[in-house]
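Enquirer: Below is protein_2.cif; it holds mmCIF, C-alpha atoms (C1' of nucleotides).
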```cif
data_coords
loop_
_atom_site.label_atom_id
_atom_site.label_comp_id
_atom_site.auth_asym_id
_atom_site.auth_seq_id
_atom_site.Cartn_x
_atom_site.Cartn_y
_atom_site.Cartn_z
CA MET E 1 -8.00 -32.14 -1.52
CA ALA E 2 -11.61 -31.11 -2.03
CA ARG E 3 -12.17 -28.13 -4.23
CA ALA E 4 -13.14 -24.90 -2.62
CA GLY E 5 -15.54 -23.76 -5.31
CA VAL E 6 -13.94 -20.42 -5.96
CA THR E 7 -15.28 -18.29 -8.79
CA ALA E 8 -14.55 -14.76 -9.91
CA GLU E 9 -18.01 -13.74 -8.73
CA ARG E 10 -17.62 -15.22 -5.27
CA LEU E 11 -14.19 -13.65 -5.02
CA THR E 12 -15.61 -10.28 -5.95
CA ARG E 13 -18.40 -10.48 -3.41
CA ALA E 14 -16.04 -11.66 -0.69
CA ALA E 15 -13.64 -8.87 -1.57
CA ALA E 16 -16.44 -6.33 -1.31
CA GLU E 17 -17.43 -7.57 2.12
CA LEU E 18 -13.82 -7.62 3.21
CA ALA E 19 -13.42 -4.08 1.95
CA ASP E 20 -16.27 -2.90 4.15
CA GLU E 21 -14.66 -4.55 7.14
CA ILE E 22 -10.98 -3.71 6.77
CA GLY E 23 -10.93 -0.98 4.14
CA PHE E 24 -10.71 -1.19 0.38
CA GLU E 25 -6.98 -0.62 0.22
CA ASN E 26 -6.37 -3.49 2.63
CA VAL E 27 -8.15 -6.04 0.49
CA THR E 28 -5.42 -8.37 -0.54
CA VAL E 29 -5.18 -11.54 -2.59
CA SER E 30 -3.62 -13.29 0.38
CA ALA E 31 -6.37 -12.29 2.79
CA LEU E 32 -8.97 -13.36 0.30
CA ALA E 33 -7.27 -16.72 -0.24
CA ARG E 34 -7.15 -17.25 3.51
CA GLY E 35 -10.85 -16.62 3.68
CA PHE E 36 -11.46 -19.36 1.13
CA GLY E 37 -9.01 -21.73 2.81
CA VAL E 38 -6.84 -21.77 -0.28
CA LYS E 39 -3.33 -20.74 -1.27
CA ASP E 40 -2.71 -17.34 -2.86
CA ALA E 41 -1.58 -18.79 -6.16
CA SER E 42 -4.87 -20.63 -6.57
CA LEU E 43 -6.79 -17.41 -7.04
CA TYR E 44 -4.90 -16.55 -10.17
CA SER E 45 -6.91 -19.10 -12.15
CA HIS E 46 -9.92 -16.85 -11.53
CA ILE E 47 -8.56 -13.34 -11.60
CA ARG E 48 -5.71 -11.88 -13.58
CA ASN E 49 -4.26 -9.81 -10.76
CA VAL E 50 -5.16 -7.61 -7.81
CA ARG E 51 -5.98 -4.77 -10.10
CA GLU E 52 -8.67 -6.78 -11.82
CA LEU E 53 -10.05 -7.83 -8.46
CA ARG E 54 -10.31 -4.24 -7.31
CA THR E 55 -11.84 -3.17 -10.60
CA ARG E 56 -14.49 -5.86 -10.22
CA VAL E 57 -15.33 -4.63 -6.74
CA ALA E 58 -15.55 -1.10 -8.08
CA ALA E 59 -17.98 -2.19 -10.79
CA LEU E 60 -20.07 -4.07 -8.25
CA ALA E 61 -20.21 -1.08 -5.94
CA LEU E 62 -21.06 1.35 -8.73
CA THR E 63 -23.97 -0.86 -9.77
CA GLU E 64 -25.23 -1.27 -6.22
CA LEU E 65 -25.00 2.46 -5.60
CA ALA E 66 -26.85 3.24 -8.81
CA ASP E 67 -29.55 0.74 -7.83
CA GLN E 68 -29.99 2.36 -4.44
CA VAL E 69 -30.19 5.81 -5.93
CA ALA E 70 -32.58 4.76 -8.69
CA ASP E 71 -34.80 3.16 -6.10
CA ALA E 72 -34.84 6.25 -3.91
CA LEU E 73 -35.48 8.50 -6.86
CA ALA E 74 -38.51 6.62 -8.14
CA GLY E 75 -41.63 8.77 -8.23
CA ARG E 76 -40.02 11.83 -6.73
CA ALA E 77 -39.27 15.24 -8.18
CA GLY E 78 -37.80 18.57 -7.19
CA LYS E 79 -36.27 18.93 -3.77
CA ASP E 80 -37.87 15.68 -2.72
CA ALA E 81 -35.84 13.93 -5.40
CA LEU E 82 -32.70 15.82 -4.48
CA VAL E 83 -32.95 14.79 -0.84
CA ALA E 84 -33.77 11.19 -1.71
CA PHE E 85 -30.85 10.98 -4.11
CA ALA E 86 -28.44 12.56 -1.69
CA ASN E 87 -29.48 10.42 1.23
CA ALA E 88 -29.32 7.23 -0.77
CA TYR E 89 -25.83 8.21 -1.84
CA ARG E 90 -24.68 9.06 1.65
CA ASP E 91 -26.32 6.04 3.23
CA TYR E 92 -24.61 3.74 0.80
CA ALA E 93 -21.27 5.35 1.54
CA LYS E 94 -21.79 5.07 5.28
CA GLY E 95 -23.16 1.55 5.17
CA HIS E 96 -20.52 0.26 2.79
CA PRO E 97 -17.38 2.31 3.29
CA GLY E 98 -15.09 -0.16 1.56
CA ARG E 99 -17.34 -0.53 -1.44
CA TYR E 100 -17.80 3.22 -1.60
CA ALA E 101 -14.04 3.73 -1.60
CA ALA E 102 -13.93 1.25 -4.46
CA THR E 103 -16.18 3.45 -6.56
CA ARG E 104 -13.40 5.98 -6.69
CA TYR E 105 -10.83 3.45 -7.83
CA GLU E 106 -8.98 4.37 -10.94
CA LEU E 107 -11.59 5.97 -13.12
CA ASP E 108 -8.82 7.00 -15.45
CA GLY E 109 -7.74 3.39 -15.91
CA GLU E 110 -8.03 1.83 -19.32
CA SER E 111 -10.73 -0.59 -18.20
CA ALA E 112 -13.09 1.92 -16.61
CA ASP E 113 -16.66 0.76 -16.96
CA PRO E 114 -18.40 3.33 -19.14
CA VAL E 115 -21.80 1.77 -18.53
CA ALA E 116 -21.77 2.48 -14.82
CA ALA E 117 -20.49 6.00 -15.32
CA ARG E 118 -23.20 6.71 -17.87
CA ARG E 119 -25.87 5.32 -15.59
CA HIS E 120 -24.81 7.60 -12.76
CA ALA E 121 -24.88 10.59 -15.06
CA GLU E 122 -28.36 9.59 -16.26
CA LEU E 123 -29.61 9.38 -12.71
CA THR E 124 -28.27 12.77 -11.81
CA ARG E 125 -29.86 14.23 -14.92
CA ALA E 126 -33.15 12.60 -13.97
CA LEU E 127 -32.91 14.34 -10.62
CA LEU E 128 -32.34 17.63 -12.38
CA ARG E 129 -35.49 17.27 -14.45
CA GLY E 130 -37.38 18.88 -11.58
CA TYR E 131 -35.29 22.00 -12.04
CA ALA E 132 -35.31 23.98 -15.25
CA LEU E 133 -31.75 23.77 -16.50
CA SER E 134 -30.56 23.72 -20.09
CA GLU E 135 -27.43 22.14 -21.32
CA PRO E 136 -24.20 23.64 -20.34
CA ASP E 137 -25.74 24.48 -16.98
CA GLN E 138 -26.94 20.94 -16.50
CA THR E 139 -23.46 19.51 -16.77
CA ASP E 140 -22.17 22.14 -14.38
CA ALA E 141 -24.92 21.29 -11.92
CA VAL E 142 -24.23 17.57 -12.15
CA ARG E 143 -20.59 18.23 -11.37
CA LEU E 144 -21.45 20.48 -8.46
CA LEU E 145 -23.84 17.96 -6.96
CA HIS E 146 -21.51 15.04 -7.35
CA SER E 147 -18.61 17.03 -5.94
CA THR E 148 -20.56 18.10 -2.91
CA PHE E 149 -21.93 14.65 -2.20
CA HIS E 150 -18.61 12.95 -2.63
CA GLY E 151 -16.73 15.61 -0.74
CA TYR E 152 -19.11 15.53 2.17
CA VAL E 153 -19.23 11.81 2.72
CA SER E 154 -15.52 11.59 2.14
CA LEU E 155 -14.68 14.24 4.73
CA GLU E 156 -17.28 12.92 7.13
CA ARG E 157 -15.86 9.43 6.91
CA ALA E 158 -12.34 10.70 7.44
CA GLY E 159 -13.51 12.30 10.66
CA GLY E 160 -13.20 15.84 9.41
CA PHE E 161 -16.40 16.89 11.14
CA ARG E 162 -15.73 15.39 14.53
CA HIS E 163 -13.81 18.39 15.80
CA THR E 164 -16.97 20.43 16.18
CA SER E 165 -20.00 19.51 18.21
CA ARG E 166 -22.38 20.37 15.38
CA GLY E 167 -23.97 17.14 14.17
CA ALA E 168 -23.01 15.94 10.72
CA ASP E 169 -26.63 15.17 9.87
CA VAL E 170 -27.76 18.74 10.44
CA SER E 171 -25.03 20.24 8.32
CA TRP E 172 -25.90 17.72 5.64
CA ALA E 173 -29.53 18.80 5.66
CA ARG E 174 -28.41 22.42 5.38
CA ALA E 175 -26.14 21.59 2.49
CA LEU E 176 -29.10 20.04 0.70
CA ASP E 177 -31.19 23.12 1.41
CA ALA E 178 -28.42 25.19 -0.10
CA LEU E 179 -28.10 23.01 -3.17
CA ASP E 180 -31.84 23.08 -3.70
CA ALA E 181 -31.82 26.87 -3.52
CA VAL E 182 -28.98 27.04 -5.99
CA LEU E 183 -30.67 24.70 -8.44
CA ARG E 184 -33.95 26.60 -8.26
CA ASN E 185 -32.15 29.82 -8.99
CA TRP E 186 -29.15 28.83 -11.05
CA PRO E 187 -26.76 31.75 -11.73
CA SER E 188 -26.95 31.22 -15.50
CA ALA E 189 -24.71 33.30 -17.70
CA ARG E 190 -22.82 35.98 -15.83
CA ALA E 191 -23.67 38.62 -13.28
CA MET Y 1 31.53 4.98 3.89
CA ALA Y 2 30.61 8.64 3.83
CA ARG Y 3 27.37 9.56 5.50
CA ALA Y 4 24.46 10.53 3.35
CA GLY Y 5 23.19 13.26 5.64
CA VAL Y 6 19.70 11.97 6.03
CA THR Y 7 17.36 13.75 8.40
CA ALA Y 8 13.69 13.39 9.13
CA GLU Y 9 13.09 16.75 7.47
CA ARG Y 10 14.96 15.89 4.29
CA LEU Y 11 13.14 12.57 4.20
CA THR Y 12 9.83 14.32 4.53
CA ARG Y 13 10.56 16.77 1.76
CA ALA Y 14 11.84 14.02 -0.53
CA ALA Y 15 8.77 11.94 0.24
CA ALA Y 16 6.54 14.87 -0.62
CA GLU Y 17 8.25 15.36 -3.97
CA LEU Y 18 8.11 11.66 -4.66
CA ALA Y 19 4.43 11.66 -3.82
CA ASP Y 20 3.77 14.33 -6.43
CA GLU Y 21 5.62 12.25 -9.00
CA ILE Y 22 4.42 8.73 -8.36
CA GLY Y 23 1.41 9.16 -6.09
CA PHE Y 24 1.17 9.38 -2.33
CA GLU Y 25 0.25 5.74 -1.84
CA ASN Y 26 3.31 4.65 -3.79
CA VAL Y 27 5.74 6.48 -1.56
CA THR Y 28 7.72 3.72 0.03
CA VAL Y 29 10.58 3.50 2.45
CA SER Y 30 12.55 1.50 -0.08
CA ALA Y 31 12.05 4.01 -2.88
CA LEU Y 32 13.03 6.80 -0.54
CA ALA Y 33 16.14 4.95 0.58
CA ARG Y 34 17.11 4.37 -3.05
CA GLY Y 35 16.80 8.07 -3.67
CA PHE Y 36 19.26 8.77 -0.89
CA GLY Y 37 21.62 5.97 -1.98
CA VAL Y 38 21.12 4.22 1.30
CA LYS Y 39 19.70 0.91 2.54
CA ASP Y 40 16.10 0.71 3.72
CA ALA Y 41 17.03 -0.14 7.27
CA SER Y 42 19.06 3.04 7.58
CA LEU Y 43 15.98 5.21 7.42
CA TYR Y 44 14.58 3.74 10.58
CA SER Y 45 17.02 5.78 12.63
CA HIS Y 46 15.14 8.84 11.47
CA ILE Y 47 11.55 7.74 11.21
CA ARG Y 48 9.64 5.25 13.28
CA ASN Y 49 7.81 3.63 10.38
CA VAL Y 50 6.06 4.34 7.09
CA ARG Y 51 3.06 5.63 8.92
CA GLU Y 52 5.07 8.34 10.60
CA LEU Y 53 6.62 9.26 7.28
CA ARG Y 54 3.23 9.65 5.67
CA THR Y 55 1.93 11.62 8.62
CA ARG Y 56 4.85 14.01 8.30
CA VAL Y 57 4.14 14.52 4.63
CA ALA Y 58 0.51 15.17 5.48
CA ALA Y 59 1.49 17.80 8.04
CA LEU Y 60 3.84 19.45 5.54
CA ALA Y 61 1.16 19.54 2.87
CA LEU Y 62 -1.48 20.92 5.22
CA THR Y 63 0.85 23.73 6.21
CA GLU Y 64 1.78 24.54 2.63
CA LEU Y 65 -1.84 24.54 1.57
CA ALA Y 66 -2.81 26.82 4.43
CA ASP Y 67 0.02 29.16 3.49
CA GLN Y 68 -1.14 29.34 -0.10
CA VAL Y 69 -4.69 29.98 0.92
CA ALA Y 70 -3.76 32.59 3.50
CA ASP Y 71 -1.69 34.36 0.88
CA ALA Y 72 -4.49 34.37 -1.65
CA LEU Y 73 -6.97 35.56 0.92
CA ALA Y 74 -4.97 38.55 2.07
CA GLY Y 75 -6.82 41.81 1.54
CA ARG Y 76 -9.84 40.28 -0.13
CA ALA Y 77 -13.44 39.98 0.97
CA GLY Y 78 -16.76 38.69 -0.28
CA LYS Y 79 -16.88 36.78 -3.52
CA ASP Y 80 -13.40 37.98 -4.32
CA ALA Y 81 -12.15 36.16 -1.26
CA LEU Y 82 -14.20 33.08 -2.05
CA VAL Y 83 -12.75 32.80 -5.52
CA ALA Y 84 -9.22 33.45 -4.32
CA PHE Y 85 -9.55 30.82 -1.60
CA ALA Y 86 -11.06 28.27 -3.91
CA ASN Y 87 -8.53 28.77 -6.66
CA ALA Y 88 -5.62 28.61 -4.25
CA TYR Y 89 -7.03 25.35 -2.95
CA ARG Y 90 -7.57 23.86 -6.37
CA ASP Y 91 -4.26 25.07 -7.74
CA TYR Y 92 -2.42 23.47 -4.87
CA ALA Y 93 -4.25 20.21 -5.42
CA LYS Y 94 -3.48 20.25 -9.13
CA GLY Y 95 0.10 21.36 -8.73
CA HIS Y 96 0.86 18.93 -5.93
CA PRO Y 97 -1.39 15.91 -6.35
CA GLY Y 98 0.66 13.67 -4.09
CA ARG Y 99 0.87 16.22 -1.33
CA TYR Y 100 -2.80 16.98 -1.69
CA ALA Y 101 -3.65 13.31 -1.35
CA ALA Y 102 -1.56 13.33 1.79
CA THR Y 103 -3.74 15.98 3.36
CA ARG Y 104 -6.54 13.44 3.50
CA TYR Y 105 -4.36 10.83 5.18
CA GLU Y 106 -5.75 9.43 8.35
CA LEU Y 107 -7.35 12.40 10.01
CA ASP Y 108 -8.92 10.00 12.47
CA GLY Y 109 -5.49 8.72 13.50
CA GLU Y 110 -4.32 9.33 17.03
CA SER Y 111 -1.56 11.68 15.94
CA ALA Y 112 -3.66 14.01 13.80
CA ASP Y 113 -2.23 17.49 13.91
CA PRO Y 114 -4.87 19.68 15.55
CA VAL Y 115 -2.93 22.85 14.75
CA ALA Y 116 -3.22 22.43 11.01
CA ALA Y 117 -6.88 21.52 11.22
CA ARG Y 118 -7.61 24.55 13.32
CA ARG Y 119 -5.73 26.82 10.96
CA HIS Y 120 -7.76 25.62 8.00
CA ALA Y 121 -10.97 26.20 9.90
CA GLU Y 122 -9.78 29.70 10.81
CA LEU Y 123 -9.06 30.51 7.20
CA THR Y 124 -12.43 29.34 6.05
CA ARG Y 125 -14.07 31.42 8.76
CA ALA Y 126 -12.04 34.41 7.66
CA LEU Y 127 -13.40 33.92 4.19
CA LEU Y 128 -16.92 33.82 5.56
CA ARG Y 129 -16.52 37.16 7.29
CA GLY Y 130 -17.61 38.81 4.08
CA TYR Y 131 -20.93 37.04 4.36
CA ALA Y 132 -23.23 37.59 7.31
CA LEU Y 133 -23.49 34.20 8.96
CA SER Y 134 -23.94 33.48 12.64
CA GLU Y 135 -22.82 30.42 14.40
CA PRO Y 136 -24.49 27.21 13.60
CA ASP Y 137 -24.82 28.39 10.01
CA GLN Y 138 -21.16 29.24 9.82
CA THR Y 139 -20.08 25.73 10.65
CA ASP Y 140 -22.53 24.35 8.13
CA ALA Y 141 -21.19 26.70 5.50
CA VAL Y 142 -17.59 25.76 6.26
CA ARG Y 143 -18.48 22.12 5.79
CA LEU Y 144 -20.30 22.79 2.57
CA LEU Y 145 -17.42 24.77 1.13
CA HIS Y 146 -14.79 22.28 2.13
CA SER Y 147 -16.87 19.40 0.82
CA THR Y 148 -17.41 21.05 -2.52
CA PHE Y 149 -13.78 22.04 -2.94
CA HIS Y 150 -12.46 18.67 -1.94
CA GLY Y 151 -15.05 16.79 -3.91
CA TYR Y 152 -14.44 18.80 -7.04
CA VAL Y 153 -10.68 18.54 -7.14
CA SER Y 154 -10.86 14.93 -6.15
CA LEU Y 155 -13.27 13.99 -8.94
CA GLU Y 156 -11.47 16.18 -11.42
CA ARG Y 157 -8.16 14.53 -10.65
CA ALA Y 158 -9.70 11.06 -10.91
CA GLY Y 159 -10.80 11.94 -14.41
CA GLY Y 160 -14.47 12.09 -13.56
CA PHE Y 161 -15.02 15.14 -15.74
CA ARG Y 162 -13.21 13.94 -18.83
CA HIS Y 163 -16.23 12.12 -20.24
CA THR Y 164 -17.90 15.36 -21.20
CA SER Y 165 -16.48 18.05 -23.44
CA ARG Y 166 -17.43 20.82 -21.02
CA GLY Y 167 -14.23 22.28 -19.61
CA ALA Y 168 -13.50 21.66 -15.95
CA ASP Y 169 -12.51 25.28 -15.42
CA VAL Y 170 -15.87 26.62 -16.56
CA SER Y 171 -17.84 24.27 -14.33
CA TRP Y 172 -15.58 25.26 -11.48
CA ALA Y 173 -16.31 28.94 -12.05
CA ARG Y 174 -20.03 28.15 -12.10
CA ALA Y 175 -19.73 26.19 -8.89
CA LEU Y 176 -18.11 29.20 -7.26
CA ASP Y 177 -20.90 31.44 -8.56
CA ALA Y 178 -23.38 29.04 -7.03
CA LEU Y 179 -21.58 28.94 -3.70
CA ASP Y 180 -21.37 32.70 -3.60
CA ALA Y 181 -25.10 32.96 -4.23
CA VAL Y 182 -25.81 30.45 -1.50
CA LEU Y 183 -23.62 32.23 1.01
CA ARG Y 184 -25.16 35.61 0.24
CA ASN Y 185 -28.61 34.20 0.77
CA TRP Y 186 -28.13 31.39 3.26
CA PRO Y 187 -31.31 29.34 3.86
CA SER Y 188 -31.16 30.00 7.62
CA ALA Y 189 -33.64 28.26 9.89
CA ARG Y 190 -36.28 26.29 8.05
CA ALA Y 191 -38.51 26.80 5.08
"C1'" DA F 1 -11.05 -46.80 -18.54
"C1'" DA F 2 -8.72 -43.20 -20.98
"C1'" DC F 3 -8.92 -38.35 -21.81
"C1'" DC F 4 -9.09 -33.56 -20.98
"C1'" DC F 5 -9.97 -29.38 -18.72
"C1'" DT F 6 -10.04 -26.96 -14.69
"C1'" DT F 7 -8.78 -26.21 -9.92
"C1'" DC F 8 -5.62 -26.37 -6.72
"C1'" DC F 9 -0.88 -27.29 -5.17
"C1'" DT F 10 4.41 -26.41 -4.27
"C1'" DA F 11 8.44 -23.77 -5.44
"C1'" DG F 12 10.40 -19.68 -6.05
"C1'" DG F 13 11.50 -14.65 -7.31
"C1'" DG F 14 10.69 -9.81 -6.39
"C1'" DC F 15 9.37 -5.84 -3.66
"C1'" DC F 16 8.21 -3.97 0.72
"C1'" DC F 17 8.20 -3.23 6.10
"C1'" DC F 18 10.72 -3.67 10.07
"C1'" DT F 19 14.06 -5.55 14.00
"C1'" DA F 20 18.54 -6.85 15.88
"C1'" DG F 21 23.12 -6.32 16.29
"C1'" DG F 22 27.62 -4.42 14.66
"C1'" DC F 23 31.10 -1.22 12.88
"C1'" DA F 24 32.59 3.28 11.69
"C1'" DA F 25 32.12 8.24 11.39
"C1'" DA F 26 31.20 12.39 13.86
"C1'" DT F 27 31.22 14.86 18.31
"C1'" DG F 28 32.63 16.42 22.51
"C1'" DG F 29 35.37 16.29 26.92
"C1'" DT F 30 39.82 16.22 28.85
"C1'" DA G 1 45.51 14.89 20.23
"C1'" DC G 2 42.99 11.05 22.45
"C1'" DC G 3 39.41 8.44 23.97
"C1'" DA G 4 34.40 7.71 24.95
"C1'" DT G 5 29.94 8.38 23.52
"C1'" DT G 6 26.58 9.07 20.37
"C1'" DT G 7 24.76 8.62 15.95
"C1'" DG G 8 24.42 7.01 10.98
"C1'" DC G 9 24.71 3.43 8.20
"C1'" DC G 10 25.56 -1.41 7.46
"C1'" DT G 11 24.42 -6.72 7.00
"C1'" DA G 12 21.36 -10.41 8.21
"C1'" DG G 13 17.06 -12.03 8.51
"C1'" DG G 14 11.89 -12.69 9.24
"C1'" DG G 15 7.30 -11.76 7.57
"C1'" DG G 16 3.78 -10.24 4.13
"C1'" DC G 17 2.23 -9.44 -0.36
"C1'" DC G 18 2.03 -10.14 -5.74
"C1'" DC G 19 2.68 -13.14 -9.27
"C1'" DT G 20 4.71 -17.04 -12.58
"C1'" DA G 21 5.86 -21.77 -13.73
"C1'" DG G 22 5.06 -26.32 -13.65
"C1'" DG G 23 2.85 -30.40 -11.63
"C1'" DA G 24 -0.96 -33.25 -9.73
"C1'" DA G 25 -5.54 -34.36 -8.47
"C1'" DG G 26 -10.85 -33.52 -9.07
"C1'" DG G 27 -14.65 -34.17 -12.23
"C1'" DG G 28 -16.92 -34.63 -16.47
"C1'" DT G 29 -16.83 -36.72 -21.40
"C1'" DT G 30 -16.45 -40.34 -24.52
#
```
Now that the file is in, can you turn its structure into structure tokens?
Expert:
Amino acid sequence: MARAGVTAERLTRAAAELADEIGFENVTVSALARGFGVKDASLYSHIRNVRELRTRVAALALTELADQVADALAGRAGKDALVAFANAYRDYAKGHPGRYAATRYELDGESADPVAARRHAELTRALLRGYALSEPDQTDAVRLLHSTFHGYVSLERAGGFRHTSRGADVSWARALDALDAVLRNWPSARA
Amino acid sequence: MARAGVTAERLTRAAAELADEIGFENVTVSALARGFGVKDASLYSHIRNVRELRTRVAALALTELADQVADALAGRAGKDALVAFANAYRDYAKGHPGRYAATRYELDGESADPVAARRHAELTRALLRGYALSEPDQTDAVRLLHSTFHGYVSLERAGGFRHTSRGADVSWARALDALDAVLRNWPSARA
DNA sequence: AACCCTTCCTAGGGCCCCTAGGCAAATGGT
DNA sequence: ACCATTTGCCTAGGGGCCCTAGGAAGGGTT
């Protein structure tokens, strides 16, 4: 019986592709083994368990997403940067739904990758450099941006915007206009 | 053998409670059957399959959430209404994590409950009455609000805000300030 | 050629979803 | 009160998935 040449890395990449096709939560050790023409049990020489597999996919996706965003952000500032960041984020989520779902997998788990999380925070802070925000406000703004981005793509993907005829792209552009306005005129202390 | 008195409604309520305890995705026919002291197969006289069970929980949760929001919204307008709406939403999500997760279950499915969806849209539009927004803008605003609310509670629950010392409640209040500002001064057509 | 490590196998246990077919408890008509 | 029908729950069983244990064959090392 010739060896199939399975490695943790190949498994992870295959799992990521599978996730985009059938959904992250449907990525299974069995399905993966089938894809490699191998029995389920064989994969356990390479990965500890499904959880580890999913975590690896999550790490891969977080890195890819950060790369995309960093790329889009390069050389831009202000609203230009905001739009580039947001579109890179949304495009990744739309182009890789399974991987994107993976990025939200078990952040609270013991093995959460702090590097990826930090990198995303850095990127968002870089985006904010175009707006004059000092510290507690900056964190608040990061949270607001991330929430809005994640919420939007998440609802859009789930079909939450298909009830109305209004195009999802237009509303997205408006949301970015709104966020830009808010960042330019951040409601600092209290009114 | 005395009958256990299982009904679809009791199953749904039990599933909802179970979801809040162990997570929506871990709600299983077997676990539910155990809870009723009954064999798995017995439940299939009451529900078609797991999918139907989950859909029922989703419908229950959507109704409950709408009730909470409607209650909070009563007699309020403007920012007052915005804050009341938002807090009712977030409180429900925090108090009933499993049920809240259910509300995002398979909106694109064939059997999505259009009544619940419509009711939520109505409520958001009621909230917007305090701000002067005409039609395409209103839809955009509804989407922005929903995205931000959902994104925030979703990230907060996943532990995304625990890396920083800044309290999640404060950032939330700031986000609401920002949304209020945006709604009061909506960036209408184009800049 | 003998050795070892790694990769893959078979066997098997556990949990879950779901169907088929049967018996017994409730229900309702006479 | 009695019987027929409906309904609730059962056992049996198939399929899928996760994972462990223990064995055998690939491939490199000496």
Enquirer: I would like the residues chosen by the PyMOL selection byres ((chain Y) within 10 of (chain F)) on the shown file; could you give them as a list in words?
Expert: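 Evaluating the PyMOL selection byres ((chain Y) within 10 of (chain F)) on this file yields Met1, Ala2, Arg3, Thr28, Val29, Ser30, Ala31, Asp40, Ala41, Tyr44, Arg48, Asn49 and Val50 of chain Y.
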Enquirer: Those selected residues, please, written with C-alpha atoms and delivered as a PDB file, in the frame of the given file.
Expert:
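The resulting selection-v9.pdb:
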```
ATOM      1  CA  MET Y   1      31.530   4.980   3.890  1.00  0.00           C
ATOM      2  CA  ALA Y   2      30.610   8.640   3.830  1.00  0.00           C
ATOM      3  CA  ARG Y   3      27.370   9.560   5.500  1.00  0.00           C
ATOM      4  CA  THR Y  28       7.720   3.720   0.030  1.00  0.00           C
ATOM      5  CA  VAL Y  29      10.580   3.500   2.450  1.00  0.00           C
ATOM      6  CA  SER Y  30      12.550   1.500  -0.080  1.00  0.00           C
ATOM      7  CA  ALA Y  31      12.050   4.010  -2.880  1.00  0.00           C
ATOM      8  CA  ASP Y  40      16.100   0.710   3.720  1.00  0.00           C
ATOM      9  CA  ALA Y  41      17.030  -0.140   7.270  1.00  0.00           C
ATOM     10  CA  TYR Y  44      14.580   3.740  10.580  1.00  0.00           C
ATOM     11  CA  ARG Y  48       9.640   5.250  13.280  1.00  0.00           C
ATOM     12  CA  ASN Y  49       7.810   3.630  10.380  1.00  0.00           C
ATOM     13  CA  VAL Y  50       6.060   4.340   7.090  1.00  0.00           C
TER      14      VAL Y  50
END
```
Enquirer: How would you write, as a list in words, the residues chosen by the PyMOL selection byres ((chain G) within 12 of (chain E)) on this structure?
Expert: DG16, DC17, DC18, DC19, DT20, DA21, DA24, DA25, DG26 and DG27 of chain G
Enquirer: Please write the residues from the selection above to a file, keeping C-alpha atoms (C1' of nucleotides), as a PDB file, keeping the file's coordinate frame.
Expert:
```pdb
ATOM      1  C1'  DG G  16       3.780 -10.240   4.130  1.00  0.00           C
ATOM      2  C1'  DC G  17       2.230  -9.440  -0.360  1.00  0.00           C
ATOM      3  C1'  DC G  18       2.030 -10.140  -5.740  1.00  0.00           C
ATOM      4  C1'  DC G  19       2.680 -13.140  -9.270  1.00  0.00           C
ATOM      5  C1'  DT G  20       4.710 -17.040 -12.580  1.00  0.00           C
ATOM      6  C1'  DA G  21       5.860 -21.770 -13.730  1.00  0.00           C
ATOM      7  C1'  DA G  24      -0.960 -33.250  -9.730  1.00  0.00           C
ATOM      8  C1'  DA G  25      -5.540 -34.360  -8.470  1.00  0.00           C
ATOM      9  C1'  DG G  26     -10.850 -33.520  -9.070  1.00  0.00           C
ATOM     10  C1'  DG G  27     -14.650 -34.170 -12.230  1.00  0.00           C
TER      11       DG G  27
END
```
Enquirer: Between chain E and chain Y, at 6 Å or less, what are the per-residue closest atom pairs and their distances in Å? Count only C-alpha atoms, order by chain and rising residue number, and return it as a Markdown table.
Expert:
```
| residue | atom | partner | partner_atom | distance |
| --- | --- | --- | --- | --- |
| E:Leu107 | CA | Y:Ala158 | CA | 5.9 |
| E:Asp108 | CA | Y:Gly159 | CA | 5.4 |
| E:Asp140 | CA | Y:Ser171 | CA | 4.8 |
| E:Leu144 | CA | Y:Ala175 | CA | 6.0 |
| E:Ser147 | CA | Y:Gly151 | CA | 4.1 |
| E:Thr148 | CA | Y:Thr148 | CA | 4.3 |
| E:His150 | CA | Y:Gly151 | CA | 5.4 |
| E:Gly151 | CA | Y:Gly151 | CA | 3.8 |
| E:Tyr152 | CA | Y:Ser147 | CA | 4.7 |
| E:Ala158 | CA | Y:Leu107 | CA | 5.9 |
| E:Gly159 | CA | Y:Asp108 | CA | 5.4 |
| E:Ser171 | CA | Y:Asp140 | CA | 4.8 |
| E:Ala175 | CA | Y:Leu144 | CA | 6.0 |
```
Enquirer: Report as a PyMOL selection string the residues that result from applying the PyMOL selection byres ((chain E and resi 59) around 9) to the structure here.
Expert: chain E and resi 54-58+60-64+102-103+112-113+116
Enquirer: Have a look at atom CA of Phe85 of chain Y and atom CA of Arg125 of chain Y and let me know their distance in Å, one decimal.
Expert: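 Between atom CA of Phe85 of chain Y and atom CA of Arg125 of chain Y the gap works out to 11.3 Å.
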Enquirer: Give me, please, the distance in Å between atom CA of Gly37 of chain Y and atom CA of Ala16 of chain Y, quoted to one decimal.
Expert: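 Taking atom CA of Gly37 of chain Y and atom CA of Ala16 of chain Y, their separation equals 17.6 Å.
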Enquirer: I want to know what sits within 10 Å of Ser45 of chain Y, based on all atoms listed in the file, with residues of the same chain fewer than 4 positions away left out; could you give that as number ranges by chain?
Expert: Y: 6-8, 41, 49; G: 7-9
Enquirer: For Leu11 of chain Y, find every residue with an atom within 9 Å (counting all atoms listed in the file), except residues of its own chain fewer than 5 positions away, and show them as a list in words.
Expert: Val6, Ala16, Leu32, Ala33, Phe36, Leu43, His46, Ile47 and Leu53 of chain Y
